[in-house]
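Structure data (mmCIF, C-alpha atoms and all ligand atoms) from coords-v4.cif:
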data_my_file
loop_
_atom_site.label_atom_id
_atom_site.label_comp_id
_atom_site.auth_asym_id
_atom_site.auth_seq_id
_atom_site.Cartn_x
_atom_site.Cartn_y
_atom_site.Cartn_z
CA MET Z 1 96.84 92.00 91.06
CA LEU Z 2 98.13 95.22 92.61
CA HIS Z 3 95.51 96.92 94.80
CA LEU Z 4 96.37 100.42 95.99
CA SER Z 5 94.01 101.97 98.53
CA ALA Z 6 92.25 105.08 97.20
CA GLU Z 7 94.28 107.22 99.61
CA VAL Z 8 97.63 105.79 98.52
CA LYS Z 9 96.72 105.99 94.85
CA GLN Z 10 95.73 109.62 95.15
CA ALA Z 11 98.81 110.57 97.17
CA LEU Z 12 101.14 108.99 94.61
CA ALA Z 13 99.29 110.63 91.70
CA GLU Z 14 99.59 114.03 93.39
CA ASN Z 15 103.22 113.52 94.40
CA LYS Z 16 102.38 113.58 98.11
CA PRO Z 17 104.63 111.72 100.57
CA VAL Z 18 103.89 108.02 101.05
CA VAL Z 19 105.81 105.58 103.29
CA ALA Z 20 105.51 101.81 102.99
CA LEU Z 21 105.31 99.56 106.07
CA GLU Z 22 105.68 95.77 106.17
CA SER Z 23 103.18 93.27 107.59
CA THR Z 24 105.55 90.54 108.80
CA ILE Z 25 106.49 92.60 111.84
CA ILE Z 26 102.74 92.79 112.59
CA ALA Z 27 102.02 89.11 111.95
CA HIS Z 28 105.18 87.53 113.34
CA GLY Z 29 107.17 90.25 115.10
CA PHE Z 30 104.86 91.09 118.02
CA PRO Z 31 102.16 89.31 120.03
CA TYR Z 32 98.42 90.02 119.49
CA PRO Z 33 96.77 92.41 120.36
CA GLU Z 34 99.82 94.66 120.81
CA ASN Z 35 100.72 94.08 117.18
CA PHE Z 36 97.37 95.47 115.98
CA GLN Z 37 97.66 98.51 118.24
CA LEU Z 38 101.21 99.04 117.04
CA GLY Z 39 100.18 98.83 113.38
CA LEU Z 40 97.53 101.48 113.94
CA GLU Z 41 99.88 103.62 115.98
CA LEU Z 42 102.60 103.56 113.33
CA GLU Z 43 100.11 104.63 110.68
CA GLY Z 44 98.88 107.40 112.99
CA LEU Z 45 102.42 108.64 113.56
CA LEU Z 46 103.01 108.90 109.82
CA ARG Z 47 99.73 110.76 109.32
CA ALA Z 48 100.72 113.19 112.07
CA GLU Z 49 103.85 113.91 110.01
CA GLY Z 50 101.75 114.59 106.93
CA VAL Z 51 102.58 111.27 105.28
CA VAL Z 52 100.17 108.69 103.86
CA PRO Z 53 100.97 105.24 105.34
CA ALA Z 54 100.94 102.27 102.98
CA THR Z 55 101.00 99.08 105.01
CA ILE Z 56 101.53 96.22 102.57
CA GLY Z 57 100.20 92.67 102.75
CA ILE Z 58 98.79 89.91 100.55
CA LEU Z 59 95.13 89.05 101.11
CA GLY Z 60 93.20 86.52 99.07
CA GLY Z 61 95.90 86.73 96.43
CA LYS Z 62 95.65 90.53 96.16
CA LEU Z 63 98.82 92.59 96.62
CA LYS Z 64 97.42 95.23 98.97
CA VAL Z 65 99.15 98.59 99.28
CA GLY Z 66 97.43 100.48 102.10
CA LEU Z 67 95.41 98.18 104.37
CA THR Z 68 92.05 99.04 105.91
CA GLU Z 69 91.74 98.78 109.68
CA ASP Z 70 89.86 95.49 109.28
CA GLU Z 71 92.56 94.07 107.03
CA LEU Z 72 95.27 95.11 109.46
CA HIS Z 73 93.32 93.47 112.26
CA TYR Z 74 92.94 90.28 110.25
CA ILE Z 75 96.69 90.05 109.67
CA ALA Z 76 97.45 90.86 113.32
CA GLN Z 77 95.05 88.21 114.57
CA THR Z 78 95.83 85.39 112.11
CA ARG Z 79 98.89 83.90 113.73
CA ASP Z 80 99.54 81.29 111.07
CA ILE Z 81 99.46 83.67 108.12
CA PRO Z 82 102.45 82.60 106.01
CA LYS Z 83 105.53 84.75 105.89
CA ALA Z 84 105.77 85.62 102.19
CA SER Z 85 109.23 85.83 100.75
CA LEU Z 86 110.29 86.91 97.25
CA ARG Z 87 109.61 83.60 95.56
CA ASP Z 88 106.15 83.19 97.11
CA ILE Z 89 104.26 86.03 95.44
CA PRO Z 90 103.30 84.37 92.14
CA ALA Z 91 101.88 81.29 93.91
CA LEU Z 92 100.02 83.33 96.55
CA VAL Z 93 98.44 85.50 93.84
CA ALA Z 94 97.63 82.61 91.54
CA LEU Z 95 96.05 80.55 94.33
CA GLY Z 96 94.30 83.47 96.05
CA LEU Z 97 96.15 83.04 99.35
CA ASP Z 98 97.25 85.34 102.18
CA GLY Z 99 100.77 86.37 103.05
CA ALA Z 100 102.52 88.68 105.49
CA THR Z 101 105.20 90.60 103.62
CA THR Z 102 108.83 90.65 104.77
CA VAL Z 103 111.25 93.46 104.02
CA ALA Z 104 111.98 91.72 100.71
CA THR Z 105 108.39 91.35 99.52
CA THR Z 106 107.34 94.73 100.88
CA MET Z 107 110.13 96.29 98.79
CA GLN Z 108 109.03 94.32 95.75
CA ILE Z 109 105.38 95.38 96.05
CA ALA Z 110 106.19 98.98 97.08
CA HIS Z 111 108.40 99.22 94.00
CA LEU Z 112 105.55 97.99 91.78
CA ALA Z 113 103.38 100.72 93.34
CA GLY Z 114 106.00 103.45 92.79
CA ILE Z 115 106.75 104.13 96.47
CA LYS Z 116 110.28 105.34 97.30
CA VAL Z 117 110.49 105.16 101.10
CA PHE Z 118 109.99 102.10 103.29
CA VAL Z 119 110.36 102.08 107.06
CA THR Z 120 110.99 98.93 109.04
CA GLY Z 121 112.66 97.89 112.30
CA GLY Z 122 115.65 95.94 111.07
CA ILE Z 123 116.58 94.29 107.81
CA GLY Z 124 117.28 90.59 107.49
CA GLY Z 125 120.79 89.55 106.55
CA VAL Z 126 123.36 86.80 106.67
CA HIS Z 127 122.58 84.44 109.54
CA ARG Z 128 125.25 83.23 111.92
CA GLY Z 129 126.61 79.93 110.68
CA ALA Z 130 125.64 80.78 107.08
CA GLU Z 131 128.88 79.16 105.92
CA GLU Z 132 127.14 75.89 106.84
CA SER Z 133 123.43 76.67 106.42
CA PHE Z 134 123.61 79.12 103.47
CA ASP Z 135 120.85 81.06 105.28
CA ILE Z 136 120.97 84.53 103.77
CA SER Z 137 117.78 86.58 103.92
CA ALA Z 138 116.04 87.39 100.64
CA ASP Z 139 115.95 90.95 102.04
CA LEU Z 140 119.51 91.36 100.74
CA GLN Z 141 118.46 90.15 97.29
CA ALA Z 142 115.60 92.68 97.30
CA LEU Z 143 117.97 95.45 98.40
CA ALA Z 144 120.12 94.65 95.37
CA THR Z 145 117.13 94.96 93.08
CA TYR Z 146 114.46 97.47 94.08
CA ASN Z 147 114.87 101.21 94.04
CA LEU Z 148 113.80 102.31 97.54
CA MET Z 149 115.24 103.97 100.59
CA VAL Z 150 114.88 101.48 103.45
CA VAL Z 151 114.99 103.13 106.86
CA CYS Z 152 115.97 100.77 109.66
CA ALA Z 153 117.89 100.56 112.94
CA GLY Z 154 120.48 98.37 111.21
CA ALA Z 155 120.15 94.65 111.66
CA LYS Z 156 119.90 92.49 114.76
CA SER Z 157 123.06 91.04 116.18
CA VAL Z 158 121.27 87.68 115.98
CA LEU Z 159 122.67 87.89 112.45
CA ASP Z 160 126.30 87.85 111.38
CA LEU Z 161 126.65 91.60 110.89
CA PRO Z 162 130.15 91.66 109.33
CA LYS Z 163 129.03 89.11 106.73
CA THR Z 164 125.79 91.04 106.16
CA LEU Z 165 127.76 94.21 105.39
CA GLU Z 166 130.11 92.24 103.12
CA VAL Z 167 127.20 90.95 101.05
CA LEU Z 168 125.66 94.41 100.85
CA GLU Z 169 128.98 95.72 99.58
CA SER Z 170 129.45 92.92 97.05
CA GLN Z 171 126.04 93.49 95.55
CA GLY Z 172 126.44 97.26 95.41
CA THR Z 173 123.90 98.31 98.03
CA MET Z 174 124.69 101.66 99.65
CA VAL Z 175 124.62 101.77 103.44
CA VAL Z 176 124.21 105.25 104.88
CA GLY Z 177 124.33 106.07 108.58
CA TYR Z 178 122.03 108.87 109.66
CA GLN Z 179 124.02 111.00 112.08
CA THR Z 180 126.34 108.08 112.80
CA GLU Z 181 129.52 106.54 111.39
CA HIS Z 182 128.62 103.17 112.85
CA PHE Z 183 126.26 100.49 111.64
CA PRO Z 184 123.60 100.18 114.35
CA ALA Z 185 122.68 96.77 115.76
CA PHE Z 186 118.94 97.21 116.28
CA TYR Z 187 118.57 97.05 120.12
CA LEU Z 188 122.09 98.47 120.41
CA ARG Z 189 123.29 101.75 118.95
CA ASP Z 190 126.60 100.48 117.68
CA SER Z 191 127.63 97.14 116.17
CA GLY Z 192 131.29 98.18 116.17
CA LEU Z 193 131.19 98.21 112.35
CA LYS Z 194 131.45 101.25 110.11
CA VAL Z 195 129.00 102.46 107.49
CA ASP Z 196 130.15 103.77 104.10
CA TYR Z 197 128.83 107.26 104.65
CA ALA Z 198 127.61 109.19 107.65
CA MET Z 199 125.05 111.82 106.65
CA ASP Z 200 123.73 114.35 109.13
CA GLU Z 201 121.02 115.85 106.94
CA PRO Z 202 118.04 113.98 105.49
CA ALA Z 203 118.43 116.15 102.37
CA GLN Z 204 121.90 114.64 101.75
CA ILE Z 205 120.39 111.16 101.87
CA VAL Z 206 117.64 112.03 99.40
CA LYS Z 207 120.12 113.79 97.09
CA THR Z 208 122.30 110.67 97.05
CA PHE Z 209 119.30 108.46 96.34
CA ARG Z 210 118.13 110.80 93.57
CA THR Z 211 121.62 110.69 92.07
CA LYS Z 212 121.55 106.89 92.07
CA GLU Z 213 118.16 107.03 90.33
CA ALA Z 214 119.35 109.58 87.77
CA LEU Z 215 122.31 107.36 86.91
CA GLY Z 216 119.98 104.40 86.47
CA ILE Z 217 121.81 102.37 89.10
CA PRO Z 218 119.40 99.71 90.32
CA GLY Z 219 118.80 98.61 93.88
CA GLY Z 220 117.90 100.11 97.21
CA MET Z 221 119.68 102.10 99.86
CA VAL Z 222 119.93 101.14 103.51
CA VAL Z 223 119.40 104.20 105.69
CA ALA Z 224 120.45 103.17 109.18
CA THR Z 225 119.52 105.20 112.23
CA PRO Z 226 120.41 104.04 115.76
CA ILE Z 227 117.85 103.37 118.48
CA PRO Z 228 117.49 106.47 120.73
CA PRO Z 229 120.00 106.32 123.65
CA GLN Z 230 117.27 106.14 126.32
CA ASP Z 231 115.75 103.04 124.67
CA GLU Z 232 118.95 101.07 124.07
CA LEU Z 233 119.29 97.64 125.76
CA ASP Z 234 122.27 96.59 127.83
CA SER Z 235 124.64 94.77 125.48
CA GLY Z 236 125.93 92.23 128.05
CA GLN Z 237 122.38 91.30 128.99
CA PHE Z 238 121.33 91.03 125.35
CA ASP Z 239 124.28 88.80 124.47
CA ALA Z 240 123.38 86.45 127.33
CA TRP Z 241 119.75 86.15 126.13
CA LEU Z 242 120.91 85.60 122.59
CA GLU Z 243 123.36 82.88 123.51
CA THR Z 244 120.59 80.95 125.28
CA ILE Z 245 118.26 81.27 122.30
CA LEU Z 246 120.83 80.35 119.67
CA GLY Z 247 121.50 77.23 121.76
CA GLU Z 248 117.78 76.39 121.55
CA VAL Z 249 117.73 76.99 117.78
CA ALA Z 250 120.56 74.49 117.35
CA ALA Z 251 119.16 71.96 119.83
CA GLN Z 252 115.65 72.02 118.35
CA GLY Z 253 116.78 72.18 114.74
CA VAL Z 254 114.80 75.36 113.95
CA GLN Z 255 115.44 76.09 110.28
CA GLY Z 256 114.70 78.24 107.26
CA LYS Z 257 112.00 80.87 107.47
CA ASN Z 258 111.17 79.86 111.05
CA VAL Z 259 114.51 81.02 112.43
CA THR Z 260 113.81 84.76 112.60
CA PRO Z 261 110.29 84.50 114.12
CA TYR Z 262 111.52 81.92 116.64
CA ILE Z 263 114.38 84.12 117.83
CA LEU Z 264 112.15 87.20 118.05
CA GLY Z 265 109.44 85.36 119.99
CA ARG Z 266 111.89 83.89 122.48
CA LEU Z 267 113.67 87.20 122.96
CA HIS Z 268 110.34 88.77 123.84
CA GLU Z 269 109.66 86.01 126.39
CA ILE Z 270 113.09 85.81 128.00
CA SER Z 271 113.45 89.57 128.27
CA GLU Z 272 109.94 89.87 129.75
CA GLY Z 273 108.94 92.46 127.21
CA GLU Z 274 112.15 94.52 127.23
CA THR Z 275 112.93 93.72 123.61
CA VAL Z 276 109.36 94.53 122.53
CA LYS Z 277 109.60 97.93 124.19
CA ALA Z 278 112.92 98.67 122.52
CA ASN Z 279 111.63 97.39 119.20
CA ILE Z 280 108.61 99.72 119.30
CA ALA Z 281 110.80 102.68 120.28
CA LEU Z 282 113.21 102.14 117.41
CA VAL Z 283 110.49 101.67 114.80
CA LYS Z 284 108.91 104.96 115.86
CA ASN Z 285 112.27 106.68 115.63
CA ASN Z 286 112.78 105.21 112.16
CA LEU Z 287 109.34 106.46 111.11
CA LEU Z 288 110.17 110.06 111.88
CA LEU Z 289 113.23 109.90 109.62
CA GLY Z 290 111.27 108.07 106.92
CA ALA Z 291 108.62 110.80 106.98
CA LYS Z 292 111.29 113.47 106.46
CA LEU Z 293 112.84 111.56 103.56
CA ALA Z 294 109.43 111.11 101.92
CA HIS Z 295 108.68 114.83 102.18
CA ILE Z 296 112.05 115.82 100.76
CA TYR Z 297 111.80 113.27 97.95
CA CYS Z 298 108.51 114.81 96.84
CA LEU Z 299 110.04 118.30 96.67
CA GLY Z 300 112.57 117.13 94.10
CA ALA Z 301 110.12 115.72 91.58
N1 LIG R 401 114.18 91.64 111.78
C1 LIG R 401 113.54 92.09 112.87
N2 LIG R 401 112.20 91.88 113.02
C2 LIG R 401 111.49 91.23 112.06
C3 LIG R 401 112.17 90.78 110.89
C4 LIG R 401 113.50 91.00 110.80
O1 LIG R 401 114.17 92.67 113.72
O2 LIG R 401 110.27 91.04 112.22
C5 LIG R 401 111.39 90.13 109.80
C6 LIG R 401 111.31 91.08 108.60
O3 LIG R 401 110.06 90.94 107.97
C7 LIG R 401 112.42 90.58 107.69
C8 LIG R 401 112.33 89.10 107.94
O4 LIG R 401 112.23 90.90 106.34
O5 LIG R 401 112.08 88.98 109.33
C9 LIG R 401 113.61 88.36 107.55
O6 LIG R 401 113.38 86.99 107.66
P1 LIG R 401 114.42 85.94 106.98
O7 LIG R 401 115.67 86.06 107.81
O8 LIG R 401 113.74 84.64 107.10
O9 LIG R 401 114.60 86.40 105.57
MN MN R 402 116.33 82.55 105.87
#

Could I get this structure in the form of structure tokens?
Amino acid sequence: MLHLSAEVKQALAENKPVVALESTIIAHGFPYPENFQLGLELEGLLRAEGVVPATIGILGGKLKVGLTEDELHYIAQTRDIPKASLRDIPALVALGLDGATTVATTMQIAHLAGIKVFVTGGIGGVHRGAEESFDISADLQALATYNLMVVCAGAKSVLDLPKTLEVLESQGTMVVGYQTEHFPAFYLRDSGLKVDYAMDEPAQIVKTFRTKEALGIPGGMVVATPIPPQDELDSGQFDAWLETILGEVAAQGVQGKNVTPYILGRLHEISEGETVKANIALVKNNLLLGAKLAHIYCLGA
């Protein structure tokens, strides 16, 4: 059921650095063909840092770890490929179906493959209004369960960030800020909320993760790094866009797994590409940190 590419398999066997990437941001996070170009570019950036990229997706019921260019293109082009959450994997495998993996499912599959570092844009979390809707991303469940460092630019302020941090705390997930004391808010450098620990050195992050592993404490670690200052969006502008879109979500009754892709798509439209640009910039920034963590992790084995 688990299909590692030859390159990923060899790298893991030889204790070479590997970084996992998700496929939902390709399938549902960006428009085609930019999403395909971005997928290739992200893999190229990792290779340039001496890291083997392992983009994860589900194709014909196979849990793929390390996609070929054709497979990446297929996922980028197939707009209606289902977003696969934690509970979907057994059915997709059993029925031989396709799925784009979210943070949650990418963590689950990366964990099965033995990968320790995963880079994404932003994690899912507790949605605004969750006290009514109960909409809490399965990403948080996965972070409570699977032993990986998850490098991200925090979480989008489309979510309820204070509640997201509360849940992470309740379930025992560490949240580390890389060179910041503040939890970043994806397009914005600072959500106004604090992280548990600010760490300036990647080696401190890996040492903490290794300590968690040595103690047998389950679950992942959120490694949050803010978007570079030159790429940050204007917060007043962003809030105005968001307010419009959340109004549409309520008016149109967008629900469940459609909420996140809807908000992302509309942000891209309303901002005339500004949010896409910022999103690409922050993912690239996250990748560079992820590459460092993967290298350092390998030294300690
Ligand atoms: N946040 C983003 N961009 C994304 C996602 C989240 O800024 O593309 C995607 C990720 O794949 C994440 C998923 O795991 O949305 C969360 O969706 P939900 O809230 O339905 O769990
Ligand atoms: Mn949800």

What are the closest atom pairs, with distances in Å to one decimal, for each residue of chain Z lying within 12 Å of ligand MN 402 (chain R), using all atoms listed in the file, rows by chain and rising residue number, as a Markdown table?
| residue | atom | partner | partner_atom | distance |
| --- | --- | --- | --- | --- |
| Z:Lys83 | CA | R:MN402 | MN | 11.0 |
| Z:Ala84 | CA | R:MN402 | MN | 11.6 |
| Z:Ser85 | CA | R:MN402 | MN | 9.3 |
| Z:Leu86 | CA | R:MN402 | MN | 11.4 |
| Z:Thr102 | CA | R:MN402 | MN | 11.1 |
| Z:Ala104 | CA | R:MN402 | MN | 11.4 |
| Z:Ile123 | CA | R:MN402 | MN | 11.9 |
| Z:Gly124 | CA | R:MN402 | MN | 8.3 |
| Z:Gly125 | CA | R:MN402 | MN | 8.3 |
| Z:Val126 | CA | R:MN402 | MN | 8.3 |
| Z:His127 | CA | R:MN402 | MN | 7.5 |
| Z:Arg128 | CA | R:MN402 | MN | 10.8 |
| Z:Gly129 | CA | R:MN402 | MN | 11.6 |
| Z:Ala130 | CA | R:MN402 | MN | 9.6 |
| Z:Ser133 | CA | R:MN402 | MN | 9.2 |
| Z:Phe134 | CA | R:MN402 | MN | 8.4 |
| Z:Asp135 | CA | R:MN402 | MN | 4.8 |
| Z:Ile136 | CA | R:MN402 | MN | 5.5 |
| Z:Ser137 | CA | R:MN402 | MN | 4.7 |
| Z:Ala138 | CA | R:MN402 | MN | 7.1 |
| Z:Asp139 | CA | R:MN402 | MN | 9.2 |
| Z:Leu140 | CA | R:MN402 | MN | 10.7 |
| Z:Gln141 | CA | R:MN402 | MN | 11.7 |
| Z:Leu159 | CA | R:MN402 | MN | 10.6 |
| Z:Val254 | CA | R:MN402 | MN | 10.9 |
| Z:Gln255 | CA | R:MN402 | MN | 7.9 |
| Z:Gly256 | CA | R:MN402 | MN | 4.8 |
| Z:Lys257 | CA | R:MN402 | MN | 4.9 |
| Z:Asn258 | CA | R:MN402 | MN | 7.8 |
| Z:Val259 | CA | R:MN402 | MN | 7.0 |
| Z:Thr260 | CA | R:MN402 | MN | 7.5 |
| Z:Pro261 | CA | R:MN402 | MN | 10.4 |
| Z:Tyr262 | CA | R:MN402 | MN | 11.8 |

List the spatial neighbours of His3 in chain Z as a PyMOL selection string - criterion: any atom at most 8 Å away, all atoms listed in the file, same-chain residues fewer than 2 positions off excluded. chain Z and resi 1+5+62-65

Enter the distance from atom O6 of ligand LIG 401 (chain R) to CA of Pro82 in chain Z, in Å, rounded to one decimal. 11.9 Å

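The coordinates place atom C9 of ligand LIG 401 (chain R) at 21.7 Å from CA of Leu40 in chain Z.
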
Given all atoms listed in the file as the basis, pick out the residue of Z:Ile25, Z:Ile280, Z:Leu242, Z:Ala110 nearest to ligand LIG 401 (chain R).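 Smallest separation from ligand LIG 401 (chain R) among the options: Z:Ile25.
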
Given the choices Z:Ser170, Z:Gln237, Z:Thr164, Z:Thr244, which gets closest to ligand LIG 401 (chain R) if the distance is worked out from all atoms listed in the file?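 Smallest distance to ligand LIG 401 (chain R) is found for Z:Thr164.
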
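Here CA of Asn35 in chain Z stands at a distance of 10.2 Å from CA of Val276 in chain Z.
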
For a quick check of understanding, using all atoms listed in the file, which of Z:Asp239, Z:Asp160, Z:Asp98, Z:Asp196 has the smallest distance to ligand LIG 401 (chain R)?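 That would be Z:Asp160, the residue with the smallest distance to ligand LIG 401 (chain R).
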
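For the residues Z:Ile75, Z:Ile296, Z:Val195, Z:Leu264, ranking by smallest atom-to-atom distance to Leu165 in chain Z using only C-alpha atoms places Z:Val195 first.
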
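Residue nearest ligand LIG 401 (chain R), chosen from Z:Gly236, Z:Pro184, Z:Gly61, Z:Gly29 and counting all atoms listed in the file: Z:Gly29.
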